[in-house]
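Trainee: Take a look at this one; I'll ask things after.
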Amino acid sequence: MRIARPAVCVGLGKWRVLIVALPLFIGCASVARPPGGPDDKAAPEIVSVSIDTNATNVTAGKIDIRFDEVVSERPQATTTSLQSARGLDAVVLISPRTGPTKVSWHRDRITIEPRGGFRPNTAYRVTLLPGVSDIRGNVRREAMSFVFSTGATFPPFSILGQVFDWQSNSAATSATVEAVANAGTKDSLAYIASADSTGRFDVGPLAAGKYLMRGFIDADNNRAIGPIEKWDTVTVDVTDHRPVVELLAIQRDTAPPGIQRIEVMDSTWLRVTLDKPFDPRTTLQPALVVVKRADSTDVLIAGVMTVSQAAAERTQPDTTPRATLPPPSLRPAPTRDSVSARPPAPKPSFPPPDRSFVVHLGPEGALTPEGKYAITIRGIRNLVGHAGTASYEFTAPKPPPIKPLPIKPPAPTMPQ
C-alpha cells in the first residue's frame, strides 16, 4: 500500500480529521501495478547513419549514428585493450587515418568527426567496434562497417589476411592492422582495420600500389606499437587482385640473442636457452656453437638440434608389441558424440619460435664432472634478422652419489 504524506490543513474539529485522512484514502485507492516489464537484455541497435554506405561525392564533415535506446558514454570492455578505454573514440575506426577523431555522445546518438574533416577524393571505411552498451550494461559484440567516398568512385582493391599471436600459437583477437601507403615519406597514409575474433581482417578500399602491412596486439589501446607489444610487418604489392597475407605478432627487438642459461642434461647433452626466440628459419649446425674447456681446448660437437629432435634421438625405440588395428571396414562407425561439430581453432602456418636448442657433444667430448667450460654461439639470428656473439661459462655437475643396495637379512633357520 502506498502511504501518502499528511497534508497541512487549516480548520478545527472533524474537518481537520477529514482533510488529513483524505490523502490516506486516496493512497489506498491508487494501488497500481509497479512500473517495468521484462528485463531488457538486448544490446543497442543502430537505427540510422547520416551517411549512406557506398555513397559518393560526400561533403559532410561528420557522421551521426543513432541507436534505438540511450547508450553509455563509456564503452564496455569486450577485449583486454578496451579495459583502459575512457571514451567512445576507443570503439571507432576511420580508415584512412588522418589524425585524431572526436566522438561525442548525445544520449541515443553519437557523432563522429575527424579533426580537419574528410579529405577530398578519398574513400573511407568507418568501423564501429564491439563495446557500445546501453545503460543496463547490454553490450554490442559485433563490429559494423560502412564505406563512402568524398570523390566520384571507389578504389577496387583491399588486403585480406589473418593476424596470429605467434607466441601463444593462436589467433590475435581484435588486433590492429595497418596498410601504409608511401611508408617512410611525408605523404604516407595509413589505412586501418581491426581483426575479428578469429584474427581475420580486410583493409581497404585501396588503390593499386605498394603497402607496408603492420599488425600488432594493442594492449594499451593507443593505436600505436609499444616497446613490449607484439607485432609483425610485411610489404605487399597490390596490382590486379586482393592479396592475402599472414601476420605473426610477437615481441621483437634489435638486440641479438644472448644465452640465459645452460642445462647439463648428462655428460654429452647440453640444453641452451636464449633470452629471446631465434629465427625459426635458422639451420642449426655445429658451426654455430663452440664449447671450450678451462685450458681453452675445443670440445668436439657431434650435432646441434631442436629440443624435439633431441628428445627423439635420446629416446630408445619402443619395441613393445602393439595390437594392430582392424581394417577400416571392421572398425565401428563414429557416433555423433565422438565427432566435434566445432571447427578447429586457426593456427599460424609456422610453429612458435624456440628459445632453446640442444648441443650433442658425442662420446669423445663427454664433460668431466666439476669441470669448467665456456660455450659461445655465433650467427644465430633474432626475429628481425640480427645476429651476434654471446658466451656463457658453466660447471659440469657432480655425478649423483650411488646409493648402496639394501642388505637383506638372512632368513631365520628352523632348529633341527
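Going through the C-alpha cells in order, the chains are called A, B, and so on, while each chain numbers its residues from 1 and the ligands are numbered from 1 in the order shown.
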Quick one: everything within 12 Å of Ala152 of chain A, counting only C-alpha atoms, minus sequence neighbours fewer than 3 positions away in the same chain. Send it as a VMD selection string.

Mentor: chain A and resid 54 to 59 120 to 123 148 to 149 155

Trainee: Need the shell around segment 364-377 of chain A: protein/DNA/RNA residues with any atom at most 6 Å away, counting only C-alpha atoms. Skip same-chain ones fewer than 3 positions apart. Format as a ChimeraX atom specification?

Mentor: /A:267-268,288-294,299-300,361,389-398

Trainee: For C-alpha atoms, I'd like the residues from the last selection saved as a short mmCIF file (atom, residue, chain, number, x, y, z; two decimals), in the first residue's frame.

Mentor:
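Output saved as selection.cif:
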data_model
loop_
_atom_site.label_atom_id
_atom_site.label_comp_id
_atom_site.auth_asym_id
_atom_site.auth_seq_id
_atom_site.Cartn_x
_atom_site.Cartn_y
_atom_site.Cartn_z
CA SER A 267 77.72 -35.79 -19.86
CA THR A 268 77.14 -35.42 -23.63
CA LEU A 288 77.11 -22.09 -34.76
CA VAL A 289 78.41 -23.33 -31.38
CA VAL A 290 81.86 -23.55 -29.77
CA VAL A 291 82.46 -25.30 -26.42
CA LYS A 292 85.87 -24.94 -24.74
CA ARG A 293 87.43 -26.48 -21.65
CA ALA A 294 89.19 -24.43 -18.97
CA VAL A 299 85.20 -29.89 -27.11
CA LEU A 300 84.08 -31.98 -30.07
CA LEU A 361 78.87 -33.49 -27.63
CA THR A 389 78.10 -13.40 -30.45
CA ALA A 390 77.29 -14.48 -26.91
CA SER A 391 79.23 -16.57 -24.36
CA TYR A 392 78.37 -18.32 -21.12
CA GLU A 393 80.51 -20.17 -18.55
CA PHE A 394 79.26 -23.20 -16.67
CA THR A 395 80.48 -26.06 -14.50
CA ALA A 396 79.61 -29.68 -15.14
CA PRO A 397 77.76 -31.09 -12.12
CA LYS A 398 78.94 -33.87 -9.88
#

Trainee: Nearest residue to Asp39 of chain A out of A:Thr235, A:Ser95, A:Asn138, A:Thr127, using only C-alpha atoms?

Mentor: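 Closest to Asp39 of chain A of all the choices is A:Asn138.
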
Trainee: Could you name the residues that touch Asp275 of chain A at 9 Å or less, counting only C-alpha atoms, but leaving out those on the same chain fewer than 5 positions away, as a VMD selection string?

Mentor: chain A and resid 257 to 261 355

Trainee: Give the answer as one residue: which of A:Arg115, A:Arg141, A:Arg223, A:Lys347 has the shortest atom-to-atom distance to Arg200 of chain A, using only C-alpha atoms?

Mentor: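 Result for the nearest residue to Arg200 of chain A: A:Lys347.
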
Trainee: Tell me which protein, DNA and RNA residues are within 7 Å of segment 171-184 of chain A, counting only C-alpha atoms, leaving out same-chain ones fewer than 6 positions away, and put them as an mmCIF file with N, CA and C atoms, in the first residue's frame.

Mentor:
data_model
loop_
_atom_site.group_PDB
_atom_site.id
_atom_site.type_symbol
_atom_site.label_atom_id
_atom_site.label_comp_id
_atom_site.auth_asym_id
_atom_site.auth_seq_id
_atom_site.Cartn_x
_atom_site.Cartn_y
_atom_site.Cartn_z
ATOM 1 N N VAL A 163 45.791 -12.288 -38.476
ATOM 2 C CA VAL A 163 46.846 -11.981 -37.503
ATOM 3 C C VAL A 163 46.842 -13.058 -36.429
ATOM 4 N N PHE A 164 48.046 -13.525 -36.078
ATOM 5 C CA PHE A 164 48.182 -14.530 -35.023
ATOM 6 C C PHE A 164 49.062 -13.991 -33.903
ATOM 7 N N ASP A 165 48.720 -14.387 -32.692
ATOM 8 C CA ASP A 165 49.643 -14.241 -31.568
ATOM 9 C C ASP A 165 50.604 -15.414 -31.681
ATOM 10 N N ALA A 190 47.937 5.900 -43.697
ATOM 11 C CA ALA A 190 47.682 4.608 -43.050
ATOM 12 C C ALA A 190 46.207 4.253 -43.127
ATOM 13 N N TYR A 191 45.922 3.123 -43.788
ATOM 14 C CA TYR A 191 44.586 2.543 -43.785
ATOM 15 C C TYR A 191 44.540 1.547 -42.634
ATOM 16 N N ILE A 192 43.474 1.578 -41.853
ATOM 17 C CA ILE A 192 43.458 0.843 -40.584
ATOM 18 C C ILE A 192 42.224 -0.044 -40.499
ATOM 19 N N ALA A 193 42.392 -1.189 -39.830
ATOM 20 C CA ALA A 193 41.279 -2.123 -39.612
ATOM 21 C C ALA A 193 41.525 -2.848 -38.295
ATOM 22 N N SER A 194 40.500 -3.528 -37.824
ATOM 23 C CA SER A 194 40.600 -4.329 -36.604
ATOM 24 C C SER A 194 40.278 -5.770 -36.944
ATOM 25 N N ALA A 195 41.094 -6.693 -36.464
ATOM 26 C CA ALA A 195 40.846 -8.111 -36.705
ATOM 27 C C ALA A 195 39.637 -8.576 -35.896
ATOM 28 N N ASP A 196 38.947 -9.594 -36.418
ATOM 29 C CA ASP A 196 37.783 -10.120 -35.704
ATOM 30 C C ASP A 196 38.207 -11.170 -34.685
ATOM 31 N N SER A 197 37.245 -11.942 -34.188
ATOM 32 C CA SER A 197 37.532 -12.913 -33.134
ATOM 33 C C SER A 197 38.411 -14.065 -33.609
ATOM 34 N N THR A 198 38.562 -14.240 -34.925
ATOM 35 C CA THR A 198 39.446 -15.280 -35.462
ATOM 36 C C THR A 198 40.737 -14.690 -36.016
ATOM 37 N N GLY A 199 40.961 -13.392 -35.789
ATOM 38 C CA GLY A 199 42.169 -12.739 -36.281
ATOM 39 C C GLY A 199 42.097 -12.287 -37.721
ATOM 40 N N VAL A 203 41.430 -4.792 -45.078
ATOM 41 C CA VAL A 203 41.830 -3.383 -45.084
ATOM 42 C C VAL A 203 41.539 -2.813 -46.465
ATOM 43 N N LYS A 210 52.200 -0.221 -53.524
ATOM 44 C CA LYS A 210 52.975 -0.964 -52.529
ATOM 45 C C LYS A 210 52.573 -0.475 -51.137
ATOM 46 N N TYR A 211 52.327 -1.433 -50.256
ATOM 47 C CA TYR A 211 51.876 -1.108 -48.902
ATOM 48 C C TYR A 211 52.735 -1.840 -47.875
ATOM 49 N N LEU A 212 53.031 -1.145 -46.790
ATOM 50 C CA LEU A 212 53.672 -1.776 -45.638
ATOM 51 C C LEU A 212 52.569 -2.239 -44.701
ATOM 52 N N MET A 213 52.396 -3.563 -44.607
ATOM 53 C CA MET A 213 51.386 -4.125 -43.716
ATOM 54 C C MET A 213 51.971 -4.273 -42.323
ATOM 55 N N ARG A 214 51.194 -3.830 -41.342
ATOM 56 C CA ARG A 214 51.664 -3.886 -39.960
ATOM 57 C C ARG A 214 50.507 -4.348 -39.088
ATOM 58 N N GLY A 215 50.731 -5.403 -38.316
ATOM 59 C CA GLY A 215 49.723 -5.901 -37.396
ATOM 60 C C GLY A 215 50.295 -5.953 -35.998
ATOM 61 N N PHE A 216 49.529 -5.514 -35.000
ATOM 62 C CA PHE A 216 50.033 -5.541 -33.623
ATOM 63 C C PHE A 216 48.884 -5.734 -32.645
ATOM 64 N N ILE A 217 49.216 -6.298 -31.494
ATOM 65 C CA ILE A 217 48.249 -6.509 -30.423
ATOM 66 C C ILE A 217 48.330 -5.288 -29.518
ATOM 67 N N ASP A 218 47.332 -4.431 -29.625
ATOM 68 C CA ASP A 218 47.356 -3.115 -28.978
ATOM 69 C C ASP A 218 46.900 -3.235 -27.528
ATOM 70 N N PRO A 346 41.999 -21.706 -35.542
ATOM 71 C CA PRO A 346 43.012 -21.370 -36.549
ATOM 72 C C PRO A 346 44.413 -21.331 -35.942
ATOM 73 N N LYS A 347 45.371 -21.812 -36.707
ATOM 74 C CA LYS A 347 46.766 -21.837 -36.272
ATOM 75 C C LYS A 347 47.645 -21.173 -37.333
#

Trainee: For atom CA of Ile51 of chain A and atom CA of Asp64 of chain A, quote the distance in Å rounded to one decimal.

Mentor: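 Computing it gives 7.9 Å between the two atoms.
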
Trainee: Please identify the helix (DSSP H, G or I) residues within segment 187-397 of chain A (assignment by DSSP from backbone atoms) and present them as a PyMOL selection string.

Mentor: chain A and resi 286-288+307-314+328-330+336-338+363-365

Trainee: Applying 6 Å and only C-alpha atoms, which residues near Arg242 of chain A remain after dropping the ones on its own chain fewer than 2 positions away? List them as a PyMOL selection string.

Mentor: chain A and resi 157-159

Trainee: Point out the residue among A:Arg119, A:Lys230, A:Arg381, A:Arg125 with the least atom-to-atom distance to Gly151 of chain A, counting only C-alpha atoms.

Mentor: A:Arg119
